[in-house]
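Listing of protein03.pdb, PDB, C-alpha atoms
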```
ATOM      1  CA  MET A   2    -118.281-116.953  82.689
ATOM      2  CA  LYS A   3    -121.426-118.912  83.560
ATOM      3  CA  ASN A   4    -122.588-118.743  79.953
ATOM      4  CA  LYS A   5    -119.212-119.942  78.729
ATOM      5  CA  SER A   6    -119.354-122.937  81.050
ATOM      6  CA  GLN A   7    -122.889-123.753  79.936
ATOM      7  CA  MET A   8    -121.724-123.585  76.339
ATOM      8  CA  LYS A   9    -118.849-125.927  77.087
ATOM      9  CA  ILE A  10    -121.225-128.382  78.799
ATOM     10  CA  GLN A  11    -123.572-128.207  75.828
ATOM     11  CA  GLN A  12    -120.668-128.820  73.471
ATOM     12  CA  MET A  13    -119.576-131.804  75.534
ATOM     13  CA  ALA A  14    -123.126-133.180  75.567
ATOM     14  CA  PHE A  15    -123.408-132.867  71.808
ATOM     15  CA  MET A  16    -120.014-134.477  71.402
ATOM     16  CA  LEU A  17    -121.013-137.427  73.597
ATOM     17  CA  ILE A  18    -124.305-137.894  71.742
ATOM     18  CA  ALA A  19    -122.531-137.735  68.399
ATOM     19  CA  VAL A  20    -119.839-140.228  69.406
ATOM     20  CA  THR A  21    -122.447-142.623  70.855
ATOM     21  CA  LEU A  22    -124.611-142.329  67.737
ATOM     22  CA  PHE A  23    -121.597-142.897  65.547
ATOM     23  CA  PHE A  24    -120.530-146.066  67.340
ATOM     24  CA  VAL A  25    -124.107-147.397  67.473
ATOM     25  CA  LEU A  26    -124.464-146.963  63.723
ATOM     26  CA  VAL A  27    -121.071-148.498  63.018
ATOM     27  CA  GLY A  28    -121.988-151.406  65.293
ATOM     28  CA  MET A  29    -125.261-151.916  63.456
ATOM     29  CA  LEU A  30    -123.435-151.868  60.145
ATOM     30  CA  VAL A  31    -120.960-154.495  61.354
ATOM     31  CA  LEU A  32    -123.821-156.649  62.667
ATOM     32  CA  VAL A  33    -125.681-156.478  59.356
ATOM     33  CA  TRP A  34    -122.546-157.504  57.474
ATOM     34  CA  LYS A  35    -121.909-160.318  59.926
ATOM     35  CA  PHE A  36    -125.447-161.688  59.590
ATOM     36  CA  SER A  37    -125.295-161.345  55.826
ATOM     37  CA  ASP A  38    -122.106-163.469  55.845
ATOM     38  CA  LEU A  39    -123.793-166.040  58.073
ATOM     39  CA  ARG A  40    -126.718-166.370  55.681
ATOM     40  CA  GLU A  41    -124.355-166.835  52.736
ATOM     41  CA  THR A  42    -122.345-169.422  54.653
ATOM     42  CA  ALA A  43    -125.523-171.319  55.571
ATOM     43  CA  THR A  44    -126.690-171.296  51.941
ATOM     44  CA  ALA A  45    -123.285-172.472  50.743
ATOM     45  CA  LEU A  46    -123.308-175.289  53.295
ATOM     46  CA  GLU A  47    -126.827-176.338  52.272
ATOM     47  CA  GLU A  48    -125.746-176.350  48.626
ATOM     48  CA  LYS A  49    -122.686-178.419  49.435
ATOM     49  CA  GLU A  50    -124.697-180.912  51.467
ATOM     50  CA  ALA A  51    -127.306-181.273  48.715
ATOM     51  CA  MET A  52    -124.598-181.690  46.116
ATOM     52  CA  LEU A  53    -122.841-184.332  48.181
ATOM     53  CA  LEU A  54    -126.035-186.306  48.745
ATOM     54  CA  ILE A  55    -127.080-186.285  45.088
ATOM     55  CA  THR A  56    -123.526-187.039  43.926
ATOM     56  CA  LYS A  57    -123.246-189.856  46.444
ATOM     57  CA  LEU A  58    -126.507-191.352  45.205
ATOM     58  CA  ALA A  59    -125.738-190.943  41.509
ATOM     59  CA  ASN A  60    -122.288-192.442  41.938
ATOM     60  CA  SER A  61    -123.353-195.350  44.131
ATOM     61  CA  PRO A  62    -123.020-198.761  42.425
ATOM     62  CA  GLU A  63    -126.814-199.202  42.487
ATOM     63  CA  PHE A  64    -127.322-196.142  40.264
ATOM     64  CA  SER A  65    -124.169-195.271  38.316
ATOM     65  CA  CYS A  66    -123.497-196.175  34.696
ATOM     66  CA  GLY A  67    -120.051-197.455  35.606
ATOM     67  CA  ARG A  68    -118.238-198.826  32.591
ATOM     68  CA  ALA A  69    -121.343-200.209  30.912
ATOM     69  CA  PHE A  70    -121.714-197.019  28.850
ATOM     70  CA  ASP A  71    -119.270-195.135  26.626
ATOM     71  CA  TYR A  72    -119.839-191.809  28.378
ATOM     72  CA  GLY A  73    -120.323-193.087  31.903
ATOM     73  CA  GLY A  74    -119.306-189.913  33.685
ATOM     74  CA  SER A  75    -120.103-188.677  37.159
ATOM     75  CA  ALA A  76    -123.635-187.563  36.239
ATOM     76  CA  CYS A  77    -124.731-190.789  34.572
ATOM     77  CA  ILE A  78    -127.411-193.164  35.877
ATOM     78  CA  ASP A  79    -128.065-196.629  34.460
ATOM     79  CA  ALA A  80    -131.848-196.760  33.920
ATOM     80  CA  ASP A  81    -131.928-200.540  33.479
ATOM     81  CA  LYS A  82    -130.151-201.009  36.800
ATOM     82  CA  VAL A  83    -132.428-198.503  38.516
ATOM     83  CA  MET A  84    -135.555-200.327  37.303
ATOM     84  CA  MET A  85    -134.279-203.520  38.907
ATOM     85  CA  LEU A  86    -133.426-201.594  42.060
ATOM     86  CA  LYS A  87    -136.970-200.189  42.133
ATOM     87  CA  GLU A  88    -138.371-203.722  42.062
ATOM     88  CA  ASN A  89    -136.102-204.744  44.958
ATOM     89  CA  ILE A  90    -136.169-201.544  46.986
ATOM     90  CA  GLY A  91    -137.635-203.454  49.950
ATOM     91  CA  LYS A  92    -134.214-205.012  50.467
ATOM     92  CA  TYR A  93    -132.712-201.565  51.188
ATOM     93  CA  PRO A  94    -134.642-200.261  54.204
ATOM     94  CA  GLY A  95    -133.063-197.005  55.423
ATOM     95  CA  PHE A  96    -129.997-197.564  53.261
ATOM     96  CA  TRP A  97    -129.788-194.038  51.824
ATOM     97  CA  GLY A  98    -131.500-192.258  54.714
ATOM     98  CA  VAL A  99    -133.916-190.436  52.423
ATOM     99  CA  LYS A 100    -137.696-190.500  52.117
ATOM    100  CA  ASN A 101    -138.175-190.540  48.355
ATOM    101  CA  ILE A 102    -135.966-191.064  45.353
ATOM    102  CA  GLU A 103    -137.375-190.183  41.966
ATOM    103  CA  ILE A 104    -135.832-189.853  38.518
ATOM    104  CA  ARG A 105    -137.803-187.642  36.154
ATOM    105  CA  LYS A 106    -136.960-187.319  32.466
ATOM    106  CA  ILE A 107    -136.623-183.678  31.476
ATOM    107  CA  TYR A 108    -136.121-184.257  27.779
ATOM    108  CA  PRO A 109    -138.137-185.858  26.335
ATOM    109  CA  GLU A 110    -140.648-184.926  29.021
ATOM    110  CA  GLY A 111    -143.867-186.645  30.073
ATOM    111  CA  GLU A 112    -145.869-187.852  33.061
ATOM    112  CA  GLU A 113    -145.890-191.620  32.457
ATOM    113  CA  ILE A 114    -144.774-193.488  35.563
ATOM    114  CA  CYS A 115    -142.402-196.362  34.876
ATOM    115  CA  SER A 116    -143.146-199.979  35.655
ATOM    116  CA  LEU A 117    -141.681-203.170  34.260
ATOM    117  CA  GLY A 118    -144.712-203.274  31.943
ATOM    118  CA  ASN A 119    -144.147-199.952  30.162
ATOM    119  CA  TYR A 120    -140.374-199.436  30.556
ATOM    120  CA  PRO A 121    -138.615-197.765  28.704
ATOM    121  CA  ASN A 122    -141.571-195.873  27.200
ATOM    122  CA  CYS A 123    -142.157-193.871  30.367
ATOM    123  CA  ASN A 124    -140.818-190.754  32.047
ATOM    124  CA  ILE A 125    -140.820-191.032  35.828
ATOM    125  CA  ILE A 126    -139.038-193.741  37.807
ATOM    126  CA  ARG A 127    -140.173-193.738  41.435
ATOM    127  CA  VAL A 128    -137.284-195.686  42.903
ATOM    128  CA  LYS A 129    -138.246-195.228  46.542
ATOM    129  CA  GLY A 130    -141.530-194.058  48.003
ATOM    130  CA  ASP A 131    -144.405-192.279  46.323
ATOM    131  CA  GLU A 132    -144.532-188.928  44.629
ATOM    132  CA  ILE A 133    -141.913-186.426  45.794
ATOM    133  CA  SER A 134    -143.465-183.914  48.180
ATOM    134  CA  GLY A 135    -142.299-181.237  50.577
ATOM    135  CA  ASN A 136    -138.661-180.209  50.602
ATOM    136  CA  TYR A 137    -136.558-181.913  48.041
ATOM    137  CA  ILE A 138    -133.230-181.484  46.314
ATOM    138  CA  SER A 139    -132.506-182.310  42.710
ATOM    139  CA  ASN A 140    -129.827-182.289  40.087
ATOM    140  CA  PHE A 141    -129.413-183.076  36.420
ATOM    141  CA  VAL A 142    -128.249-186.523  35.381
ATOM    142  CA  ALA A 143    -127.925-188.465  32.158
ATOM    143  CA  LEU A 144    -130.330-191.411  32.251
ATOM    144  CA  CYS A 145    -128.819-194.081  30.037
ATOM    145  CA  ARG A 146    -129.998-197.467  28.859
ATOM    146  CA  LYS A 147    -129.217-200.042  26.193
ATOM    147  CA  GLU A 148    -131.400-199.886  23.071
ATOM    148  CA  LEU A 149    -131.693-201.945  19.925
ATOM    149  CA  TYR A 150    -131.437-200.436  16.442
ATOM    150  CA  GLU A 151    -131.534-202.749  13.440
ATOM    151  CA  GLY A 152    -130.196-205.606  15.522
ATOM    152  CA  ASP A 153    -127.371-203.573  17.081
ATOM    153  CA  VAL A 154    -127.228-202.537  20.684
ATOM    154  CA  TYR A 155    -126.388-198.882  21.341
ATOM    155  CA  ASP A 156    -126.307-196.526  24.313
ATOM    156  CA  LYS A 157    -129.266-194.204  24.591
ATOM    157  CA  CYS A 158    -128.954-191.379  27.094
ATOM    158  CA  GLU A 159    -131.647-188.879  27.965
ATOM    159  CA  LEU A 160    -131.652-185.860  30.241
ATOM    160  CA  ALA A 161    -133.256-186.384  33.628
ATOM    161  CA  LYS A 162    -133.373-184.988  37.142
ATOM    162  CA  LEU A 163    -132.544-187.061  40.192
ATOM    163  CA  MET A 164    -134.861-185.851  42.963
ATOM    164  CA  VAL A 165    -134.511-186.744  46.624
ATOM    165  CA  SER A 166    -136.669-185.762  49.584
ATOM    166  CA  TYR A 167    -135.525-186.138  53.177
ATOM    167  CA  GLU A 168    -137.176-187.974  56.018
ATOM    168  CA  GLU A 169    -139.476-185.543  57.837
ATOM    169  CA  GLN A 170    -138.178-184.667  61.305
TER     170      GLN A 170
ATOM    171  CA  MET B   9    -117.259-109.492  74.223
ATOM    172  CA  ILE B  10    -119.829-111.958  75.608
ATOM    173  CA  LYS B  11    -121.870-111.586  72.367
ATOM    174  CA  LYS B  12    -118.775-112.478  70.350
ATOM    175  CA  ILE B  13    -118.106-115.584  72.458
ATOM    176  CA  ASN B  14    -121.773-116.582  72.176
ATOM    177  CA  ARG B  15    -121.767-116.272  68.393
ATOM    178  CA  LYS B  16    -118.531-118.217  68.173
ATOM    179  CA  GLY B  17    -120.011-120.979  70.358
ATOM    180  CA  GLN B  18    -123.198-121.066  68.296
ATOM    181  CA  GLU B  19    -121.199-121.349  65.075
ATOM    182  CA  GLU B  20    -119.208-124.228  66.551
ATOM    183  CA  MET B  21    -122.383-125.969  67.633
ATOM    184  CA  VAL B  22    -124.033-125.553  64.250
ATOM    185  CA  GLY B  23    -120.897-126.814  62.495
ATOM    186  CA  PHE B  24    -120.662-129.765  64.806
ATOM    187  CA  ALA B  25    -124.330-130.607  64.438
ATOM    188  CA  LEU B  26    -123.955-130.438  60.657
ATOM    189  CA  ILE B  27    -121.034-132.875  60.757
ATOM    190  CA  ILE B  28    -123.048-135.267  62.927
ATOM    191  CA  ILE B  29    -126.022-135.050  60.580
ATOM    192  CA  ILE B  30    -123.860-135.677  57.517
ATOM    193  CA  VAL B  31    -122.094-138.666  59.126
ATOM    194  CA  ALA B  32    -125.437-140.075  60.316
ATOM    195  CA  VAL B  33    -127.009-139.670  56.874
ATOM    196  CA  ILE B  34    -124.025-141.401  55.204
ATOM    197  CA  LEU B  35    -124.202-144.262  57.680
ATOM    198  CA  LEU B  36    -127.951-144.603  57.208
ATOM    199  CA  ILE B  37    -127.482-144.747  53.441
ATOM    200  CA  PHE B  38    -124.859-147.490  53.881
ATOM    201  CA  LEU B  39    -127.183-149.368  56.211
ATOM    202  CA  ARG B  40    -130.073-149.128  53.790
ATOM    203  CA  ILE B  41    -127.941-150.362  50.901
ATOM    204  CA  SER B  42    -126.656-153.340  52.877
ATOM    205  CA  ILE B  43    -130.111-154.238  54.254
ATOM    206  CA  THR B  44    -131.967-153.928  50.937
ATOM    207  CA  LYS B  45    -129.208-155.718  49.022
ATOM    208  CA  PRO B  46    -131.059-158.227  46.784
ATOM    209  CA  GLU B  47    -131.091-161.539  48.564
ATOM    210  CA  LYS B  48    -129.329-164.222  46.637
ATOM    211  CA  GLU B  49    -131.453-167.284  46.191
ATOM    212  CA  ALA B  50    -129.992-170.688  46.734
ATOM    213  CA  VAL B  51    -128.690-170.894  43.196
ATOM    214  CA  GLU B  52    -126.560-173.871  42.464
ATOM    215  CA  SER B  53    -123.637-173.584  40.103
ATOM    216  CA  TYR B  54    -123.148-177.327  40.538
ATOM    217  CA  GLU B  55    -126.611-177.674  39.014
ATOM    218  CA  VAL B  56    -125.389-175.820  35.930
ATOM    219  CA  GLN B  57    -122.242-177.948  35.897
ATOM    220  CA  ASN B  58    -124.257-181.165  36.118
ATOM    221  CA  PHE B  59    -126.632-179.923  33.437
ATOM    222  CA  LEU B  60    -123.693-179.518  31.066
ATOM    223  CA  LEU B  61    -122.177-182.891  31.952
ATOM    224  CA  ALA B  62    -125.500-184.717  31.609
ATOM    225  CA  GLY B  63    -126.548-182.768  28.517
ATOM    226  CA  LEU B  64    -123.343-183.669  26.687
ATOM    227  CA  GLN B  65    -124.217-187.334  27.065
ATOM    228  CA  TYR B  66    -127.690-186.908  25.526
ATOM    229  CA  THR B  67    -128.151-189.210  22.522
ATOM    230  CA  THR B  68    -129.479-187.278  19.538
ATOM    231  CA  ASP B  69    -131.395-188.686  16.563
ATOM    232  CA  CYS B  70    -128.474-187.887  14.273
ATOM    233  CA  ARG B  71    -126.756-191.075  13.196
ATOM    234  CA  ASP B  72    -123.489-191.495  11.363
ATOM    235  CA  ALA B  73    -122.383-194.741   9.732
ATOM    236  CA  TYR B  74    -121.846-196.380  13.126
ATOM    237  CA  GLU B  75    -123.957-194.927  15.908
ATOM    238  CA  PHE B  76    -126.413-192.326  17.124
ATOM    239  CA  ARG B  77    -124.353-189.277  18.022
ATOM    240  CA  SER B  78    -124.328-187.772  21.464
ATOM    241  CA  ILE B  79    -124.387-183.990  21.891
ATOM    242  CA  GLN B  80    -120.679-184.147  22.714
ATOM    243  CA  ASN B  81    -119.893-186.017  19.480
ATOM    244  CA  LEU B  82    -122.220-183.769  17.531
ATOM    245  CA  ILE B  83    -120.260-180.722  18.688
ATOM    246  CA  PHE B  84    -117.110-182.178  17.128
ATOM    247  CA  ASP B  85    -119.086-183.228  14.019
ATOM    248  CA  CYS B  86    -120.389-179.681  13.720
ATOM    249  CA  ASN B  87    -116.863-178.331  14.140
ATOM    250  CA  ASP B  88    -115.732-180.624  11.299
ATOM    251  CA  GLU B  89    -118.801-179.605   9.213
ATOM    252  CA  LYS B  90    -120.050-183.194   9.004
ATOM    253  CA  ASP B  91    -123.582-184.360   8.143
ATOM    254  CA  CYS B  92    -125.877-186.977   9.654
ATOM    255  CA  GLU B  93    -126.616-190.184   7.744
ATOM    256  CA  ASP B  94    -130.006-188.784   6.685
ATOM    257  CA  GLY B  95    -128.418-185.704   5.139
ATOM    258  CA  ARG B  96    -129.121-183.167   7.881
ATOM    259  CA  LYS B  97    -126.234-180.939   8.880
ATOM    260  CA  ALA B  98    -124.694-181.799  12.254
ATOM    261  CA  CYS B  99    -124.730-178.110  13.213
ATOM    262  CA  ASP B 100    -128.476-177.785  12.499
ATOM    263  CA  VAL B 101    -129.318-180.872  14.564
ATOM    264  CA  LEU B 102    -127.027-179.685  17.364
ATOM    265  CA  LYS B 103    -128.673-176.272  17.529
ATOM    266  CA  SER B 104    -132.252-177.568  17.430
ATOM    267  CA  GLN B 105    -131.652-180.315  20.020
ATOM    268  CA  LEU B 106    -129.723-178.033  22.361
ATOM    269  CA  THR B 107    -132.376-175.332  22.116
ATOM    270  CA  GLU B 108    -135.089-177.829  23.046
ATOM    271  CA  ILE B 109    -133.060-179.365  25.882
ATOM    272  CA  ILE B 110    -132.265-175.976  27.413
ATOM    273  CA  GLU B 111    -135.840-174.717  27.039
ATOM    274  CA  LYS B 112    -137.250-177.799  28.785
ATOM    275  CA  SER B 113    -134.650-177.717  31.551
ATOM    276  CA  TRP B 114    -134.576-173.999  32.402
ATOM    277  CA  GLN B 115    -137.946-172.263  32.525
ATOM    278  CA  ILE B 116    -137.394-168.517  32.311
ATOM    279  CA  GLY B 117    -139.703-165.611  33.044
ATOM    280  CA  GLN B 118    -140.432-162.809  35.490
ATOM    281  CA  GLU B 119    -142.262-165.233  37.808
ATOM    282  CA  GLU B 120    -139.540-167.878  37.583
ATOM    283  CA  PRO B 121    -136.293-167.829  39.590
ATOM    284  CA  VAL B 122    -134.312-168.004  36.333
ATOM    285  CA  LYS B 123    -134.532-164.786  34.336
ATOM    286  CA  ALA B 124    -132.205-165.606  31.454
ATOM    287  CA  TYR B 125    -129.586-168.000  30.142
ATOM    288  CA  GLU B 126    -126.741-167.974  27.679
ATOM    289  CA  PHE B 127    -125.205-171.065  26.130
ATOM    290  CA  LYS B 128    -122.058-170.754  24.041
ATOM    291  CA  ILE B 129    -119.756-173.163  22.272
ATOM    292  CA  LEU B 130    -116.314-171.789  21.453
ATOM    293  CA  SER B 131    -114.011-173.590  19.066
ATOM    294  CA  ASP B 132    -110.430-172.371  19.532
ATOM    295  CA  GLU B 133    -111.941-169.274  21.173
ATOM    296  CA  VAL B 134    -114.140-168.554  18.143
ATOM    297  CA  GLU B 135    -117.906-168.634  18.748
ATOM    298  CA  MET B 136    -119.409-171.676  17.067
ATOM    299  CA  LEU B 137    -122.904-171.645  18.531
ATOM    300  CA  LYS B 138    -124.856-169.355  20.819
ATOM    301  CA  ILE B 139    -128.280-169.843  22.368
ATOM    302  CA  ALA B 140    -129.569-167.068  24.613
ATOM    303  CA  ARG B 141    -132.952-166.096  26.021
ATOM    304  CA  GLY B 142    -134.368-163.690  28.580
ATOM    305  CA  ASN B 143    -133.180-160.477  30.205
ATOM    306  CA  ILE B 144    -129.685-160.716  31.639
ATOM    307  CA  THR B 145    -129.315-159.743  35.310
ATOM    308  CA  SER B 146    -126.298-159.204  37.548
ATOM    309  CA  ASN B 147    -126.889-162.422  39.518
ATOM    310  CA  LYS B 148    -125.142-165.011  37.403
ATOM    311  CA  ARG B 149    -124.093-168.621  37.920
ATOM    312  CA  GLY B 150    -122.303-170.627  35.301
ATOM    313  CA  ALA B 151    -120.001-173.445  34.353
ATOM    314  CA  ILE B 152    -117.470-174.238  31.672
ATOM    315  CA  VAL B 153    -116.705-177.665  30.248
ATOM    316  CA  PRO B 154    -113.552-177.832  28.134
ATOM    317  CA  LEU B 155    -113.311-180.563  25.492
ATOM    318  CA  SER B 156    -110.502-181.445  23.142
ATOM    319  CA  ARG B 157    -110.137-183.967  20.364
ATOM    320  CA  ALA B 158    -107.730-184.276  17.432
ATOM    321  CA  GLY B 159    -106.247-180.840  17.989
ATOM    322  CA  ALA B 160    -109.610-179.099  18.303
ATOM    323  CA  SER B 161    -110.131-177.277  21.557
ATOM    324  CA  ILE B 162    -113.747-176.608  22.436
ATOM    325  CA  ASP B 163    -115.184-174.742  25.422
ATOM    326  CA  ILE B 164    -118.810-175.103  26.370
ATOM    327  CA  ILE B 165    -120.002-172.220  28.507
ATOM    328  CA  PHE B 166    -123.404-172.053  30.126
ATOM    329  CA  SER B 167    -124.540-169.130  32.257
ATOM    330  CA  VAL B 168    -127.821-168.837  34.086
ATOM    331  CA  TYR B 169    -129.067-165.468  35.337
ATOM    332  CA  TYR B 170    -131.288-165.322  38.449
TER     333      TYR B 170
END
```

Could you write out this structure as C-alpha cells?
Amino acid sequence: MKNKSQMKIQQMAFMLIAVTLFFVLVGMLVLVWKFSDLRETATALEEKEAMLLITKLANSPEFSCGRAFDYGGSACIDADKVMMLKENIGKYPGFWGVKNIEIRKIYPEGEEICSLGNYPNCNIIRVKGDEISGNYISNFVALCRKELYEGDVYDKCELAKLMVSYEEQ
Amino acid sequence: MIKKINRKGQEEMVGFALIIIIVAVILLIFLRISITKPEKEAVESYEVQNFLLAGLQYTTDCRDAYEFRSIQNLIFDCNDEKDCEDGRKACDVLKSQLTEIIEKSWQIGQEEPVKAYEFKILSDEVEMLKIARGNITSNKRGAIVPLSRAGASIDIIFSVYY
C-alpha cells in the first residue's frame, strides 16, 4: 500500500515536471516568435522611413526634374538645378534636417567632385556638407541634365545614388 | 501481486518519461530552427524598384534620327528590331549597356550582401532579354515595371538575391 502511494506520488511529480517543462518550452517558443516579429517590424519601419526621406528629397522642387525632362518620373533629379542649389546651400540651414546630401554617379562611375568649374564632367555632387560618413541611407535616381549635340539640346540622364546622412544625436 | 503492481508502475513511468523526452526534443528542435533562422538583412525592395525606374531613364549612346535613346526607348526599339543611326543593333546596345549598368550598381560575391541577380525583359510574356549572375539564394527581393506602347506589352523584372 505504501509502495503504491509512493509510486503515485512519483507519477504525480513526473507529471508536474513534464507539464511545467512543456509550458516553459512553449512559452520560450512564443517569445522567440514575438521577438522575431518585432525585429522584422522595426526593419520594415526603418526601410519605410528611409524610403520616405529619400523620396521626399528627390521629389522636392529643389531636386526633382519636374516637367523639364521627357522622362521626369519620381526617381529623377535635375543635375543643373542641384548644382545651383549646392552653390546656395547656405540659404537652407536645417531645411531638410539631414547632415549630408550627396549625389554619386554610379554609371558612368568616377571620383571627380563636382564644382561649377568642372561640371558636368564630374561624378560626385556634394550638395550639403562634406563627404558622407557614418550611417547613411541611399537610393537610385536618374541624374538628368540638358546637353548639346550638334547644336540641338537633348536630355541626358545617368544613373546615380542619392545619399543622405542624418544629424548625429 | 506487489511485484506485478511495481512492474506496471515502472512501465508507466518509463512510457511517460519517454513521451516527455520526445516532446522536449521536438520543442528544442523547433526552438533551434527558429533561433538559427537566417537573419534577414535590411534589404530594400524599394531600392530595386528605384533602380529600375532610374535605369529606364538612362540615356544610351544609341541615337536614332532624332535623339539619343533612353533604355526605355531602346527596349521598344529592340522589340521592333530597329537599329541605331550608326548601324548597331538596338538589342546589342541594350544588352551591353544594361549589363554594365547592373554590374556597376550591384556588386555580387560571397563577401557582399548581394549574392546574385536576375534581370529579365518579357515581351508579351516571351523572354526578350535575360541578364543573370551569381548563385541564387532563397532570400529574394524584386520589382516589376510594366510598360506598354503601340500594342506591345513589356514587363521588366529585376530580382536581387541576398

Please write as a short mmCIF file (atom, residue, chain, number, x, y, z; two decimals) with C-alpha atoms, keeping the file's coordinate frame the full residue list that the PyMOL selection byres ((chain A and resi 27) around 12) yields on this file.
```cif
data_model
loop_
_atom_site.label_atom_id
_atom_site.label_comp_id
_atom_site.auth_asym_id
_atom_site.auth_seq_id
_atom_site.Cartn_x
_atom_site.Cartn_y
_atom_site.Cartn_z
CA VAL A 20 -119.84 -140.23 69.41
CA THR A 21 -122.45 -142.62 70.86
CA LEU A 22 -124.61 -142.33 67.74
CA PHE A 23 -121.60 -142.90 65.55
CA PHE A 24 -120.53 -146.07 67.34
CA VAL A 25 -124.11 -147.40 67.47
CA LEU A 26 -124.46 -146.96 63.72
CA GLY A 28 -121.99 -151.41 65.29
CA MET A 29 -125.26 -151.92 63.46
CA LEU A 30 -123.44 -151.87 60.14
CA VAL A 31 -120.96 -154.50 61.35
CA LEU A 32 -123.82 -156.65 62.67
CA VAL A 33 -125.68 -156.48 59.36
CA TRP A 34 -122.55 -157.50 57.47
CA VAL B 31 -122.09 -138.67 59.13
CA ALA B 32 -125.44 -140.07 60.32
CA ILE B 34 -124.02 -141.40 55.20
CA LEU B 35 -124.20 -144.26 57.68
CA LEU B 36 -127.95 -144.60 57.21
CA PHE B 38 -124.86 -147.49 53.88
CA LEU B 39 -127.18 -149.37 56.21
#
```

| request: Using only C-alpha atoms, find which residues of chain A lie within 7 Å of chain B and jot them down as a ChimeraX atom specification. | output: /A:8,12,19,26,30,44,48,72,76-77,107-108,140-143,157-160

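Shortest atom-to-atom contact with Met136 in chain B among B:Val22, B:Ile165, B:Asp91, B:Asn81: B:Ile165, counting all atoms listed in the file.
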
| field | Residue nearest Leu53 in chain A - candidates A:Asn124, A:Asp38, A:Phe96, A:Ile138, atoms counted: all atoms listed in the file | value |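 Nearest to Leu53 in chain A: A:Ile138.
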
| field | Nearest-residue call for Ile164 in chain B, choices B:Ile79, B:Gln118, B:Thr145, B:Lys90, using all atoms listed in the file | value |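 So, comparing all the options, the nearest one is B:Ile79.
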
| said: Please expand the PyMOL selection byres ((chain A and resi 165) around 9) into the concrete residues it hits in this file, giving the result as a PyMOL selection string. | reply: chain A and resi 54-55+99-104+133+136-139+163-164+166-167

| Expansion of the PyMOL selection byres ((chain A and resi 122) around 12) into residues, as an NGL selection string | :A and (80 or 106 or 109-121 or 123-126 or 146 or 148)

| What does the distance from CA of Gly67 in chain A to CA of Ala161 in chain A come to in Å, to one decimal? | 17.3 Å

| field | Exercise: Lys123 in chain B partners within 8 Å, only C-alpha atoms, chain neighbours under 3 positions left out, as a ChimeraX atom specification | value | /B:116-118,120,142-145,168-170

| query | Near Glu126 in chain B, counting only C-alpha atoms, which residues have an atom at most 6 Å away, once you skip same-chain residues fewer than 3 positions from it, shown as a count of residues only? | reply | 4

Each side padded by 8 Å, which centre and which edge lengths in Å (one decimal) define the axis-aligned box around the listed atoms of range 82-101 of chain A? Give them as lines of an AutoDock Vina configuration file.
```
center_x = -134.1
center_y = -197.7
center_z = 46.1
size_x = 24.6
size_y = 30.6
size_z = 34.6
```

| task | Go ahead and compute the interatomic distance for CA of Cys86 in chain B and CA of Ser65 in chain A, in Å to one decimal. | result |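 A separation of 29.4 Å between them.
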
| Could you state the separation of CA of Ser146 in chain B and CA of Ser104 in chain B in Å, given to one decimal place? |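 For CA of Ser146 in chain B relative to CA of Ser104 in chain B, the distance reads 27.9 Å.
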
| request: Tell me which protein, DNA and RNA residues are within 9 Å of Val101 in chain B, counting all atoms listed in the file, leaving out same-chain ones fewer than 5 positions away, and put them as a ChimeraX atom specification. | output: /B:68-70,82,92,96,106

| From the list B:Glu135, B:Gly95, B:Leu102, B:Phe84, which residue is nearest Leu155 in chain B when using only C-alpha atoms? |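 Ranking B:Glu135, B:Gly95, B:Leu102, B:Phe84 by distance to Leu155 in chain B, first place goes to B:Phe84.
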